Amino acid sequence: MHASAIKKGCYYLIPGLVFAIILAYVGRFGFLYAGADLQFHASRIFEFYQHIKNGNLIPVISTFSANQIGSIVPTMYPSFPVYIGAVLQFIFPPVTAMYVLMWVQLMTQFSIAKWVSKELGLSLTESTMAAFIYTMATPTLSQVIQQWLFGEVWAMSFMPLVLLGLIRLAKTTTDNVVKLDKKTISLLVIGFTLVILSHVLSFAIVAGYTALFTLFLLIFRKNRWNVLANLSVAAVITILLSLVFLMPFIIAMLGNTLATPAATELTIWAAPNWHEFVKATFAIATDARFKTNTVGIIAFLAIFGVVLTWRKQDRLTKIATLVSVAVIFSGTSYVWNYLYDTKLGVIQFPHRVFIIAIFLLSVSAIMAVRNVISKRWLQQTIYIGLALFSFAFAVFNIKYGFVDRVNALAVQTDYKSTAKHPVSYAPMANFKVNNDDFENLMGYWDTYGAFDYLPENVDFNKSLQKKAIVQNHELLQTKATSEPNGLTYQAKLAKNTKTIIPMVGYQSLNYEITDQNNHQYQYKINKNKQLVIKTTNRPVSELTVHAKTPVTTYVAWVISLATGAGLIIYIIWDKRRKA
């Protein structure tokens, strides 16, 4: 028993060491290199870290990041992985914590894929190899290390749970009995909830494919009511668990006219054609880019391996391969050229769907070998060979497609960014930051994500840019200090004067504005969506503005936590009842 436990532990220890080695190689000089979204998500993590550090667990507006103008970003983006990143900031130096966060995500992705693969019929060794190949795929690592698509990669980690739930749902339609399957519902609930709490558009994508799969079951399977019953129960529980994000998000959307993030243009990087897809798959030249618009070389070759040995493959391998090909095609330009000008165009970067194919093809690659090769020693040799090849190919692409380039071109941000001393941020950032300089990332004005979900048509005037109070059309010398969900402004204010505060206001939020004497002011939101008060006949040298956490947000937290606690209690009770 002891030897078996050690053996099982090694199946996690070895991949964990490999992931750690790769990340240590990337940041070996102690630097964190900018990806497309790194500064945005680093700011989000820093924001939550500062709030928790100051005793607030529910950030409503950004006051430590996003230009410190009161952006509603914390409310509008799912924050489950952000909380993990914020907690790690208490344990490790900031840049080190970001690498640990990447390692935790890779291990989460690997562990879930390993468990799901085992549930699909793979052995302990086979499921480990399939999960390793899946996690080491070039597009997967690129999105974690280079692109820093933080919410997306966490959402991707949980997609195999949804996939397994749908496979189990299909198996419950073979007879006419309507019966709730606890494991199927649990998989769908956990998978969908964690996807929602990680990334909204990823949820939209998964929900879309689930709808298509459900339509297929309703047309071609017998027990339609069973499908609807299980999905309905799973949907209700998922909504209750996700209210912690959904309720504040929906209320903010309905209560304000917001500048939502614009969809990017459709390019071969966002939705590749076959030429670009194949080119990215076999990108091994020294000028190769670390690509995301592919499924990786092993997954790609698995398609041809299964096709060439079709007669020897079992039903699951064939279906997984065919579904993968369909998913790949659905994320290419051949489909999205027609969809991008419709409302579906809001789903940026259709290549995100490739992660489903990468997982299924990683499983198919292992199953194809097992179905063709009967000798176990030869199977094991091939598995190890595939794992080593995936590792070598990944390191090669990381080195030539990313690390060498950023080491040669990246500018160290050992200074605070100003108009006279900026850091280039278009279209891809070129900075690198270490532990000592990490907080400098919070000082940029023009960055990806900094202006998401601001009130529509805000004019970024000097008041906002300089965080300066305005009276009589003049900017006052102002010192702004960040606090959880608020800021304190120190300035010499004139009496009985209209005063414009350098913070944007949202109709869905209530603000509390007080001076150094705790006198509370009534406020309005002007045409530029800034908070405005009128001072009294008493001298004012300090104003503190706080956005109150809405009661509905607390209600959402209570419902979600109560639902989660109830499910845990039921699971424990059910296990004891069956024991």
# chains A, B, ... in the order shown; residues from 1 in each chain; ligands from 1

$ residues_around --residues "Leu120 (chain A)" --least-positions-apart "2" --cutoff "9 Å" --atoms "only C-alpha atoms" --output "PyMOL selection string"
chain A and resi 115-118+122+127+164+316+363

$ write_last_selection --atoms "N, CA and C atoms" --output "compact mmCIF listing (two decimals), in the first residue's frame"
# COMPACT_ATOMS: atom_id res chain seq x y z
N TRP A 115 -7.56 13.02 -14.29
CA TRP A 115 -8.71 12.35 -13.68
C TRP A 115 -9.79 12.05 -14.72
N VAL A 116 -10.08 13.01 -15.58
CA VAL A 116 -11.10 12.81 -16.61
C VAL A 116 -10.67 11.71 -17.57
N SER A 117 -9.39 11.70 -17.95
CA SER A 117 -8.88 10.64 -18.85
C SER A 117 -9.07 9.27 -18.23
N LYS A 118 -8.81 9.17 -16.94
CA LYS A 118 -8.99 7.89 -16.23
C LYS A 118 -10.46 7.48 -16.24
N LEU A 122 -8.83 5.19 -19.45
CA LEU A 122 -7.38 5.05 -19.54
C LEU A 122 -6.83 4.57 -18.20
N SER A 127 -3.49 7.77 -18.52
CA SER A 127 -4.15 9.04 -18.21
C SER A 127 -3.11 10.11 -17.86
N LEU A 164 -16.78 15.63 -19.77
CA LEU A 164 -17.10 14.32 -19.18
C LEU A 164 -18.56 14.28 -18.75
N LEU A 316 -14.91 4.96 -29.00
CA LEU A 316 -14.62 6.20 -28.29
C LEU A 316 -13.50 6.98 -28.98
N VAL A 363 -6.03 12.47 -25.58
CA VAL A 363 -6.58 11.17 -25.15
C VAL A 363 -6.59 10.19 -26.31

$ select_by_dssp --residues "region 192-363 of chain A" --states "helix (DSSP H, G or I)" --output "PyMOL selection string"
chain A and resi 192-196+200-220+224-255+274-281+297-308+310-312+315-330+333-339+343-346+350-363

$ closest_atom_pairs --of "region 32-53 of chain A" --to "region 133-157 of chain A" --cutoff "7 Å" --atoms "only C-alpha atoms" --output "JSON lines"
{"residue": "A:Gly35", "atom": "CA", "partner": "A:Gln147", "partner_atom": "CA", "distance": 4.5}
{"residue": "A:Ala36", "atom": "CA", "partner": "A:Gln147", "partner_atom": "CA", "distance": 5.0}
{"residue": "A:Asp37", "atom": "CA", "partner": "A:Trp148", "partner_atom": "CA", "distance": 5.5}
{"residue": "A:Leu38", "atom": "CA", "partner": "A:Trp148", "partner_atom": "CA", "distance": 5.2}
{"residue": "A:His41", "atom": "CA", "partner": "A:Phe150", "partner_atom": "CA", "distance": 6.8}

$ atom_distance --atom1 "CA of Ile501 (chain A)" --atom2 "CA of Gln471 (chain A)"
9.3 Å

$ atom_distance --atom1 "CA of Ile500 (chain A)" --atom2 "CA of Ser463 (chain A)"
8.4 Å

$ residues_around --residues "Val545 (chain A)" --least-positions-apart "6" --cutoff "9 Å" --atoms "only C-alpha atoms" --output "MDAnalysis selection string"
chainID A and resid 485:489 501 503 511:515

$ closest_residue --among "A:Tyr453, A:Asn397, A:Ile239, A:Ala408" --to "Lys432 (chain A)" --atoms "only C-alpha atoms"
A:Ala408

$ residues_around --residues "Asn273 (chain A)" --least-positions-apart "4" --cutoff "8 Å" --atoms "only C-alpha atoms" --output "ChimeraX atom specification"
/A:268,277,332-334

$ write_last_selection --atoms "N, CA, C and O atoms" --output "PDB file, in the first residue's frame"
ATOM      1  N   ILE A 268      -5.822  35.918 -39.085  1.00  0.00           N
ATOM      2  CA  ILE A 268      -5.434  34.509 -39.122  1.00  0.00           C
ATOM      3  C   ILE A 268      -4.928  34.051 -37.761  1.00  0.00           C
ATOM      4  O   ILE A 268      -4.883  32.865 -37.475  1.00  0.00           O
ATOM      5  N   PHE A 277      -2.809  27.203 -39.853  1.00  0.00           N
ATOM      6  CA  PHE A 277      -2.953  26.181 -38.819  1.00  0.00           C
ATOM      7  C   PHE A 277      -1.806  25.163 -38.895  1.00  0.00           C
ATOM      8  O   PHE A 277      -1.183  24.829 -37.887  1.00  0.00           O
ATOM      9  N   THR A 332     -11.971  27.976 -37.183  1.00  0.00           N
ATOM     10  CA  THR A 332     -11.153  28.508 -38.276  1.00  0.00           C
ATOM     11  C   THR A 332     -11.853  29.673 -38.978  1.00  0.00           C
ATOM     12  O   THR A 332     -13.041  29.929 -38.775  1.00  0.00           O
ATOM     13  N   SER A 333     -11.104  30.331 -39.832  1.00  0.00           N
ATOM     14  CA  SER A 333     -11.641  31.486 -40.551  1.00  0.00           C
ATOM     15  C   SER A 333     -12.737  31.099 -41.528  1.00  0.00           C
ATOM     16  O   SER A 333     -13.569  31.934 -41.896  1.00  0.00           O
ATOM     17  N   TYR A 334     -12.776  29.841 -41.954  1.00  0.00           N
ATOM     18  CA  TYR A 334     -13.778  29.404 -42.918  1.00  0.00           C
ATOM     19  C   TYR A 334     -15.190  29.541 -42.333  1.00  0.00           C
ATOM     20  O   TYR A 334     -16.158  29.750 -43.073  1.00  0.00           O
TER      21      TYR A 334
END

$ select_by_dssp --residues "region 211-427 of chain A" --states "strand (DSSP E or B)" --output "list in words"
Leu258, Ala259, Val411 and Gln412 of chain A

$ residues_around --residues "Phe80 (chain A)" --least-positions-apart "3" --cutoff "8 Å" --atoms "only C-alpha atoms" --output "list in words"
Tyr83, Ile84, Leu194, Leu197 and Ser198 of chain A

$ residues_around --residues "region 346-359 of chain A" --least-positions-apart "4" --cutoff "8 Å" --atoms "only C-alpha atoms" --output "ChimeraX atom specification"
/A:113,131,134,137,140,156,159-160,201-202,205,262-264,266,269-272,292-296,299,323-325,327-328,331-332,336,340,363

$ write_last_selection --atoms "N, CA, C and O atoms" --output "short mmCIF file (atom, residue, chain, number, x, y, z; two decimals), in the first residue's frame"
data_model
loop_
_atom_site.label_atom_id
_atom_site.label_comp_id
_atom_site.auth_asym_id
_atom_site.auth_seq_id
_atom_site.Cartn_x
_atom_site.Cartn_y
_atom_site.Cartn_z
N ALA A 113 -7.33 16.95 -16.14
CA ALA A 113 -7.24 16.16 -17.38
C ALA A 113 -6.90 14.71 -17.07
O ALA A 113 -7.41 13.78 -17.70
N ALA A 131 -2.70 13.51 -20.08
CA ALA A 131 -2.80 14.82 -19.42
C ALA A 131 -1.53 15.62 -19.59
O ALA A 131 -1.57 16.85 -19.76
N TYR A 134 -1.38 16.97 -23.17
CA TYR A 134 -2.38 18.03 -23.27
C TYR A 134 -1.88 19.33 -22.64
O TYR A 134 -1.97 20.41 -23.24
N ALA A 137 1.10 21.00 -24.60
CA ALA A 137 0.89 21.42 -25.99
C ALA A 137 1.29 22.89 -26.16
O ALA A 137 1.03 23.72 -25.30
N THR A 140 -1.31 25.60 -25.55
CA THR A 140 -1.69 25.69 -24.14
C THR A 140 -0.66 26.50 -23.36
O THR A 140 -0.99 27.43 -22.61
N MET A 156 -10.24 27.09 -19.24
CA MET A 156 -9.90 25.91 -20.04
C MET A 156 -9.58 24.71 -19.15
O MET A 156 -9.88 23.56 -19.51
N MET A 159 -12.77 22.81 -18.44
CA MET A 159 -13.62 22.34 -19.54
C MET A 159 -13.72 20.81 -19.65
O MET A 159 -14.79 20.30 -19.99
N PRO A 160 -12.64 20.05 -19.39
CA PRO A 160 -12.80 18.59 -19.44
C PRO A 160 -13.86 18.05 -18.49
O PRO A 160 -14.46 17.01 -18.76
N LEU A 201 -16.53 34.82 -21.53
CA LEU A 201 -16.61 34.41 -22.93
C LEU A 201 -16.32 32.92 -23.10
O LEU A 201 -16.88 32.28 -23.99
N SER A 202 -15.44 32.39 -22.27
CA SER A 202 -15.19 30.94 -22.32
C SER A 202 -16.46 30.19 -21.95
O SER A 202 -16.77 29.15 -22.55
N ILE A 205 -18.74 30.21 -24.93
CA ILE A 205 -18.32 29.22 -25.93
C ILE A 205 -18.76 27.83 -25.52
O ILE A 205 -19.35 27.07 -26.31
N ALA A 262 -14.32 46.13 -26.94
CA ALA A 262 -14.63 45.90 -28.36
C ALA A 262 -13.98 44.62 -28.84
O ALA A 262 -12.88 44.25 -28.40
N ALA A 263 -14.66 43.92 -29.73
CA ALA A 263 -14.08 42.72 -30.32
C ALA A 263 -12.96 43.11 -31.26
O ALA A 263 -13.04 44.12 -31.97
N THR A 264 -11.90 42.33 -31.27
CA THR A 264 -10.78 42.61 -32.16
C THR A 264 -11.12 42.18 -33.58
O THR A 264 -12.09 41.46 -33.82
N LEU A 266 -10.95 40.19 -37.07
CA LEU A 266 -10.74 38.78 -37.39
C LEU A 266 -9.47 38.64 -38.22
O LEU A 266 -9.37 39.13 -39.34
N TRP A 269 -4.53 35.02 -36.92
CA TRP A 269 -4.13 34.65 -35.56
C TRP A 269 -5.35 34.35 -34.71
O TRP A 269 -5.33 33.47 -33.86
N ALA A 270 -6.46 35.08 -34.96
CA ALA A 270 -7.68 34.86 -34.19
C ALA A 270 -8.44 33.64 -34.67
O ALA A 270 -9.00 32.89 -33.87
N ALA A 271 -8.47 33.44 -35.96
CA ALA A 271 -9.16 32.29 -36.56
C ALA A 271 -8.37 31.87 -37.79
O ALA A 271 -8.55 32.42 -38.88
N PRO A 272 -7.47 30.91 -37.66
CA PRO A 272 -6.55 30.58 -38.75
C PRO A 272 -7.23 29.86 -39.91
O PRO A 272 -8.30 29.26 -39.75
N THR A 292 -0.66 30.21 -30.69
CA THR A 292 -1.86 29.70 -30.02
C THR A 292 -2.90 29.20 -31.03
O THR A 292 -3.84 28.52 -30.63
N ASN A 293 -2.73 29.53 -32.30
CA ASN A 293 -3.75 29.17 -33.29
C ASN A 293 -3.46 27.81 -33.92
O ASN A 293 -3.39 27.64 -35.14
N THR A 294 -3.30 26.82 -33.06
CA THR A 294 -3.05 25.45 -33.48
C THR A 294 -3.45 24.54 -32.33
O THR A 294 -3.88 25.02 -31.27
N VAL A 295 -3.33 23.23 -32.53
CA VAL A 295 -3.62 22.29 -31.44
C VAL A 295 -2.34 21.60 -30.96
O VAL A 295 -2.40 20.75 -30.08
N GLY A 296 -1.22 21.96 -31.54
CA GLY A 296 0.03 21.31 -31.14
C GLY A 296 0.33 20.12 -32.03
O GLY A 296 -0.56 19.52 -32.64
N ALA A 299 -1.23 16.42 -31.01
CA ALA A 299 -2.67 16.37 -31.27
C ALA A 299 -2.96 16.34 -32.76
O ALA A 299 -3.84 15.60 -33.23
N VAL A 323 -15.05 14.41 -33.44
CA VAL A 323 -15.51 15.61 -32.73
C VAL A 323 -14.41 16.66 -32.72
O VAL A 323 -14.66 17.86 -32.92
N SER A 324 -13.17 16.22 -32.52
CA SER A 324 -12.04 17.15 -32.49
C SER A 324 -11.87 17.87 -33.83
O SER A 324 -11.64 19.08 -33.87
N VAL A 325 -11.98 17.13 -34.91
CA VAL A 325 -11.85 17.73 -36.24
C VAL A 325 -12.97 18.75 -36.46
O VAL A 325 -12.73 19.85 -37.00
N VAL A 327 -14.56 20.44 -34.12
CA VAL A 327 -14.29 21.59 -33.25
C VAL A 327 -13.21 22.48 -33.85
O VAL A 327 -13.32 23.71 -33.85
N ILE A 328 -12.16 21.85 -34.39
CA ILE A 328 -11.08 22.62 -35.02
C ILE A 328 -11.63 23.44 -36.18
O ILE A 328 -11.36 24.64 -36.31
N GLY A 331 -13.46 26.59 -35.35
CA GLY A 331 -12.67 27.73 -34.88
C GLY A 331 -11.80 28.37 -35.93
O GLY A 331 -10.98 29.24 -35.63
N THR A 332 -11.97 27.98 -37.18
CA THR A 332 -11.15 28.51 -38.28
C THR A 332 -11.85 29.67 -38.98
O THR A 332 -13.04 29.93 -38.77
N TRP A 336 -15.74 31.57 -39.25
CA TRP A 336 -15.87 32.87 -38.59
C TRP A 336 -15.85 34.04 -39.55
O TRP A 336 -16.22 35.16 -39.17
N TYR A 340 -18.37 36.77 -37.91
CA TYR A 340 -17.76 37.88 -37.17
C TYR A 340 -18.53 39.19 -37.31
O TYR A 340 -18.40 40.06 -36.46
N VAL A 363 -6.03 12.47 -25.58
CA VAL A 363 -6.58 11.17 -25.15
C VAL A 363 -6.59 10.19 -26.31
O VAL A 363 -6.22 9.02 -26.16
#

$ residues_around --residues "Thr214 (chain A)" --least-positions-apart "3" --cutoff "9 Å" --atoms "only C-alpha atoms" --output "ChimeraX atom specification"
/A:166,170,209-211,217-219,227-228,231

$ closest_residue --among "A:Met107, A:Leu17, A:Ile167, A:Lys578" --to "Ala320 (chain A)" --atoms "only C-alpha atoms"
A:Ile167

$ decode --residues "region 344-363 of chain A" --atoms "N, CA, C and O atoms" --output "tab-separated table (two decimals), in the first residue's frame"
chain	number	residue	atom	x	y	z
A	344	LEU	N	-22.40	37.22	-32.85
A	344	LEU	CA	-21.42	36.26	-32.35
A	344	LEU	C	-20.00	36.80	-32.45
A	344	LEU	O	-19.08	36.25	-31.86
A	345	GLY	N	-19.83	37.89	-33.18
A	345	GLY	CA	-18.50	38.48	-33.32
A	345	GLY	C	-17.91	38.97	-32.01
A	345	GLY	O	-16.71	39.23	-31.92
A	346	VAL	N	-18.76	39.10	-30.98
A	346	VAL	CA	-18.25	39.52	-29.68
A	346	VAL	C	-17.35	38.45	-29.07
A	346	VAL	O	-16.55	38.72	-28.18
A	347	ILE	N	-17.49	37.21	-29.54
A	347	ILE	CA	-16.64	36.12	-29.04
A	347	ILE	C	-15.29	36.23	-29.75
A	347	ILE	O	-15.07	35.66	-30.82
A	348	GLN	N	-14.37	36.96	-29.14
A	348	GLN	CA	-13.08	37.20	-29.75
A	348	GLN	C	-12.24	35.92	-29.78
A	348	GLN	O	-12.41	35.04	-28.95
A	349	PHE	N	-11.34	35.87	-30.74
A	349	PHE	CA	-10.36	34.78	-30.83
A	349	PHE	C	-11.02	33.39	-30.82
A	349	PHE	O	-10.94	32.65	-29.83
A	350	PRO	N	-11.70	33.03	-31.89
A	350	PRO	CA	-12.38	31.73	-31.95
A	350	PRO	C	-11.45	30.54	-31.71
A	350	PRO	O	-11.92	29.46	-31.37
A	351	HIS	N	-10.13	30.75	-31.89
A	351	HIS	CA	-9.21	29.62	-31.66
A	351	HIS	C	-9.25	29.12	-30.23
A	351	HIS	O	-8.66	28.08	-29.91
A	352	ARG	N	-9.94	29.85	-29.33
A	352	ARG	CA	-10.08	29.38	-27.95
A	352	ARG	C	-10.71	27.99	-27.89
A	352	ARG	O	-10.45	27.22	-26.96
A	353	VAL	N	-11.58	27.70	-28.86
A	353	VAL	CA	-12.27	26.40	-28.83
A	353	VAL	C	-11.32	25.24	-29.07
A	353	VAL	O	-11.67	24.09	-28.78
A	354	PHE	N	-10.13	25.53	-29.58
A	354	PHE	CA	-9.18	24.45	-29.87
A	354	PHE	C	-8.81	23.65	-28.64
A	354	PHE	O	-8.38	22.50	-28.75
A	355	ILE	N	-8.94	24.23	-27.45
A	355	ILE	CA	-8.54	23.53	-26.24
A	355	ILE	C	-9.34	22.24	-26.06
A	355	ILE	O	-8.82	21.24	-25.54
A	356	ILE	N	-10.60	22.24	-26.50
A	356	ILE	CA	-11.43	21.03	-26.42
A	356	ILE	C	-10.83	19.95	-27.31
A	356	ILE	O	-10.71	18.78	-26.90
A	357	ALA	N	-10.41	20.34	-28.52
A	357	ALA	CA	-9.80	19.39	-29.44
A	357	ALA	C	-8.45	18.91	-28.92
A	357	ALA	O	-8.10	17.73	-29.07
A	358	ILE	N	-7.68	19.81	-28.31
A	358	ILE	CA	-6.36	19.41	-27.79
A	358	ILE	C	-6.52	18.32	-26.74
A	358	ILE	O	-5.78	17.33	-26.74
A	359	PHE	N	-7.50	18.49	-25.85
A	359	PHE	CA	-7.71	17.47	-24.82
A	359	PHE	C	-8.16	16.15	-25.43
A	359	PHE	O	-7.59	15.09	-25.14
A	360	LEU	N	-9.18	16.19	-26.30
A	360	LEU	CA	-9.70	14.96	-26.89
A	360	LEU	C	-8.64	14.24	-27.73
A	360	LEU	O	-8.53	13.01	-27.70
A	361	LEU	N	-7.83	14.99	-28.46
A	361	LEU	CA	-6.81	14.38	-29.31
A	361	LEU	C	-5.63	13.85	-28.49
A	361	LEU	O	-4.98	12.89	-28.90
A	362	SER	N	-5.36	14.46	-27.35
A	362	SER	CA	-4.32	13.93	-26.46
A	362	SER	C	-4.75	12.57	-25.93
A	362	SER	O	-3.94	11.63	-25.84
A	363	VAL	N	-6.03	12.47	-25.58
A	363	VAL	CA	-6.58	11.17	-25.15
A	363	VAL	C	-6.59	10.19	-26.31
A	363	VAL	O	-6.22	9.02	-26.16
